[in-house]
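Student: My structure is below; once you've seen it, I'll send some questions.
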Amino acid sequence: MKSIAIIGAGVGGCTTYLFLKKNLSPHLPDLKIHIYESYPPPPYLSKSHPKSAPTITPSTVDERPNLKSDATTNVTTALGGALGLSPNGIRVLKSLDPDIYERIKAASIEVDVFGAQISSGRVLGAFPAGGERHGHGTFMIMRAALHDAVLEKVDQKDVSF
Ligand SMILES: Cc1cc2nc3c(=O)[nH]c(=O)nc-3n(C[C@H](O)[C@H](O)[C@H](O)COP(=O)(O)OP(=O)(O)OC[C@H]3O[C@@H](n4cnc5c(N)ncnc54)[C@H](O)[C@@H]3O)c2cc1C
């Protein structure tokens with residue numbers, strides 16, 4: 001039997017797991033892939049996971065309409081900031097699983113331009129962040145929403161928190 005251990009159930013670890021499951025497991029039926037994560041599971045998984053996470057009280061509640069506003073998401077979006085998912089990253093996730101794509105799209109604000117400005121408001125510059133030629137702009141998304149979207153696709157018996 002062959003086995004692969006992935007250290008860390010972050011965005012990278014979960015995405016690696018999903019890619020291996022999709023592209024390698026069909027060729028190696030007895031392949032075992034397991035993720036080891038040093039932190040407890042996020043709260044939305046804690047009920048179903050044997051090693052239950054401690055209760056976390058959200059310190060901030062994000063009320064932007066594009067982000068889901070249920071209590072669970074408010075807790076998880078409080079863990080970490082936002083990031084910009086560029087068109088190549090979006091294409092990778094779309095090819096991996098259309099459900100993940102739909103979910104991150106619903107949780108994102110899509111932008112075609114990144115700008116930088118100083119506190120006085122003076123704009124320092126702007127650069128393109130995707131667009132029609134790339135099939136997408138850049139998805140601005142809470143890191144935790146992206147993490148939730150990939151972590152939820154991982155078979156929970158294949159991850160130890
Ligand atoms: C301020 C900021 C802004 C950013 N903006 C962007 C952006 O706009 N666009 C973009 O693409 N990226 C951005 N990034 C980077 C992006 O957030 C990271 O590249 C991404 O989260 C990395 O994912 P990862 O899974 O590799 O690592 P992580 O998300 O750090 O996951 C690693 C996991 O491994 C676990 N772990 C570590 N060591 C062990 C161990 N020994 N045993 C078990 N588990 C372990 C950790 O607990 C963690 O859960 C930004 C980062 C920061 C800090």
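Chain lettering (A, B, ...) mirrors the order of the structure tokens, residue numbering begins at 1 for each chain separately, and ligand numbering begins at 1 in order of display.
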Distance limit 9 Å, reference ligand 1, atoms considered: only C-alpha atoms and all ligand atoms. Which residues make the cut? Give them as an MDAnalysis selection string.
Tutor: chainID A and resid 6:15 35:40 80:86 89 140:141 143 147 161
Student: If you keep N, CA, C and O atoms, can you produce a file of those selected residues as a CSV table (one decimal), in the first residue's frame?
Tutor:
```
chain,number,residue,atom,x,y,z
A,6,ILE,N,0.3,14.7,4.2
A,6,ILE,CA,0.4,16.1,3.9
A,6,ILE,C,0.4,16.8,5.2
A,6,ILE,O,-0.5,16.6,6.1
A,7,ILE,N,1.4,17.7,5.4
A,7,ILE,CA,1.5,18.4,6.7
A,7,ILE,C,0.9,19.8,6.5
A,7,ILE,O,1.3,20.6,5.8
A,8,GLY,N,-0.3,20.0,7.3
A,8,GLY,CA,-1.0,21.3,7.2
A,8,GLY,C,-2.2,21.2,6.4
A,8,GLY,O,-2.2,20.9,5.2
A,9,ALA,N,-3.3,21.6,7.1
A,9,ALA,CA,-4.6,21.6,6.4
A,9,ALA,C,-5.0,23.0,6.0
A,9,ALA,O,-6.2,23.5,6.1
A,10,GLY,N,-4.0,23.8,5.5
A,10,GLY,CA,-4.3,25.2,5.0
A,10,GLY,C,-4.8,25.1,3.6
A,10,GLY,O,-5.2,24.0,3.1
A,11,VAL,N,-4.9,26.2,2.9
A,11,VAL,CA,-5.4,26.2,1.5
A,11,VAL,C,-4.5,25.3,0.7
A,11,VAL,O,-5.0,24.5,-0.1
A,12,GLY,N,-3.2,25.4,0.9
A,12,GLY,CA,-2.3,24.6,0.1
A,12,GLY,C,-2.4,23.1,0.3
A,12,GLY,O,-2.5,22.3,-0.6
A,13,GLY,N,-2.5,22.7,1.6
A,13,GLY,CA,-2.6,21.3,2.0
A,13,GLY,C,-3.9,20.7,1.5
A,13,GLY,O,-3.9,19.6,0.9
A,14,CYS,N,-5.0,21.4,1.7
A,14,CYS,CA,-6.3,20.9,1.2
A,14,CYS,C,-6.3,20.8,-0.3
A,14,CYS,O,-6.9,19.8,-0.8
A,15,THR,N,-5.8,21.8,-1.0
A,15,THR,CA,-5.9,21.7,-2.5
A,15,THR,C,-5.0,20.6,-3.0
A,15,THR,O,-5.4,19.9,-3.9
A,35,ILE,N,-4.0,14.1,5.9
A,35,ILE,CA,-3.5,15.4,6.2
A,35,ILE,C,-3.4,15.5,7.8
A,35,ILE,O,-4.3,15.1,8.5
A,36,TYR,N,-2.3,16.1,8.2
A,36,TYR,CA,-2.0,16.3,9.6
A,36,TYR,C,-2.0,17.8,9.9
A,36,TYR,O,-1.2,18.5,9.3
A,37,GLU,N,-2.9,18.3,10.8
A,37,GLU,CA,-2.9,19.7,11.1
A,37,GLU,C,-2.7,20.0,12.5
A,37,GLU,O,-3.3,19.3,13.4
A,38,SER,N,-1.8,20.9,12.9
A,38,SER,CA,-1.5,21.1,14.3
A,38,SER,C,-2.6,21.9,15.0
A,38,SER,O,-2.6,21.8,16.3
A,39,TYR,N,-3.4,22.7,14.3
A,39,TYR,CA,-4.5,23.4,15.0
A,39,TYR,C,-5.7,22.6,15.1
A,39,TYR,O,-5.9,21.7,14.4
A,40,PRO,N,-6.7,23.0,16.0
A,40,PRO,CA,-8.0,22.3,16.1
A,40,PRO,C,-8.8,22.6,14.8
A,40,PRO,O,-8.5,23.6,14.1
A,80,GLY,N,-8.1,35.5,10.1
A,80,GLY,CA,-7.3,35.8,8.9
A,80,GLY,C,-8.0,37.0,8.1
A,80,GLY,O,-9.2,37.2,8.3
A,81,GLY,N,-7.2,37.6,7.2
A,81,GLY,CA,-7.7,38.7,6.4
A,81,GLY,C,-8.2,38.3,5.1
A,81,GLY,O,-8.5,37.1,4.9
A,82,ALA,N,-8.2,39.2,4.2
A,82,ALA,CA,-8.6,39.0,2.8
A,82,ALA,C,-7.4,38.7,1.9
A,82,ALA,O,-6.3,39.1,2.2
A,83,LEU,N,-7.6,38.0,0.8
A,83,LEU,CA,-6.6,37.9,-0.2
A,83,LEU,C,-7.2,38.0,-1.6
A,83,LEU,O,-8.4,37.9,-1.8
A,84,GLY,N,-6.3,38.3,-2.6
A,84,GLY,CA,-6.8,38.3,-3.9
A,84,GLY,C,-6.4,37.1,-4.7
A,84,GLY,O,-5.3,36.7,-4.7
A,85,LEU,N,-7.4,36.4,-5.2
A,85,LEU,CA,-7.2,35.1,-5.9
A,85,LEU,C,-7.2,35.5,-7.4
A,85,LEU,O,-8.1,35.9,-8.0
A,86,SER,N,-6.0,35.3,-8.0
A,86,SER,CA,-5.8,35.8,-9.4
A,86,SER,C,-6.4,34.8,-10.4
A,86,SER,O,-6.7,33.7,-10.0
A,89,GLY,N,-5.2,31.2,-10.5
A,89,GLY,CA,-5.6,30.5,-9.3
A,89,GLY,C,-7.1,30.1,-9.4
A,89,GLY,O,-7.5,28.9,-9.0
A,140,MET,N,-11.5,39.0,-4.8
A,140,MET,CA,-11.1,39.4,-3.5
A,140,MET,C,-12.0,38.6,-2.5
A,140,MET,O,-13.2,38.7,-2.5
A,141,ILE,N,-11.4,37.9,-1.6
A,141,ILE,CA,-12.1,36.9,-0.8
A,141,ILE,C,-11.5,36.8,0.6
A,141,ILE,O,-10.2,37.0,0.7
A,143,ARG,N,-9.7,35.0,3.4
A,143,ARG,CA,-8.9,33.8,3.3
A,143,ARG,C,-9.7,32.6,3.9
A,143,ARG,O,-9.7,31.5,3.4
A,147,HIS,N,-10.6,29.0,2.5
A,147,HIS,CA,-10.2,27.8,3.2
A,147,HIS,C,-11.3,26.9,3.5
A,147,HIS,O,-11.3,25.7,3.3
A,161,PHE,N,-6.7,16.6,13.2
A,161,PHE,CA,-6.4,17.9,13.7
A,161,PHE,C,-5.7,17.8,15.1
A,161,PHE,O,-6.0,16.9,15.8
```
Student: So which residues touch A:Pro87 within 6 Å, counting only C-alpha atoms, skipping near sequence neighbours fewer than 2 positions away, as a list in words?
Tutor: Gly89, Ile90, His136 and Thr138 of chain A
Student: Keeping only N, CA, C and O atoms, write those residues as a short mmCIF file (atom, residue, chain, number, x, y, z; two decimals), in the first residue's frame.
Tutor:
```cif
data_model
loop_
_atom_site.label_atom_id
_atom_site.label_comp_id
_atom_site.auth_asym_id
_atom_site.auth_seq_id
_atom_site.Cartn_x
_atom_site.Cartn_y
_atom_site.Cartn_z
N GLY A 89 -5.18 31.21 -10.49
CA GLY A 89 -5.62 30.46 -9.31
C GLY A 89 -7.08 30.06 -9.40
O GLY A 89 -7.47 28.95 -9.03
N ILE A 90 -7.90 30.99 -9.91
CA ILE A 90 -9.33 30.70 -10.07
C ILE A 90 -9.52 29.55 -11.06
O ILE A 90 -10.31 28.62 -10.82
N HIS A 136 -11.35 36.14 -16.25
CA HIS A 136 -11.78 36.59 -14.92
C HIS A 136 -11.02 37.82 -14.52
O HIS A 136 -9.90 38.05 -15.01
N THR A 138 -9.79 39.44 -10.62
CA THR A 138 -9.27 38.81 -9.41
C THR A 138 -10.40 38.74 -8.39
O THR A 138 -11.16 39.69 -8.24
#
```
Student: Which value, in Å to one decimal, gives the distance between atom CA of A:Ser108 and atom CA of A:Val92?
Tutor: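 Those two atoms sit 16.3 Å apart.
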Student: At most 12 Å is the cut-off: for each residue in stretch 65-147 of chain A with any atom that close to an atom of stretch 19-34 of chain A, write down the nearest atom pair and the distance in Å rounded to one decimal, counting only C-alpha atoms, chain first then increasing number, as JSON lines.
Tutor:
```
{"residue": "A:Val92", "atom": "CA", "partner": "A:Phe19", "partner_atom": "CA", "distance": 9.9}
{"residue": "A:Leu93", "atom": "CA", "partner": "A:Phe19", "partner_atom": "CA", "distance": 9.6}
{"residue": "A:Lys94", "atom": "CA", "partner": "A:Phe19", "partner_atom": "CA", "distance": 11.8}
{"residue": "A:Ser95", "atom": "CA", "partner": "A:Phe19", "partner_atom": "CA", "distance": 9.9}
{"residue": "A:Leu96", "atom": "CA", "partner": "A:Phe19", "partner_atom": "CA", "distance": 6.8}
{"residue": "A:Asp97", "atom": "CA", "partner": "A:Lys22", "partner_atom": "CA", "distance": 9.4}
```
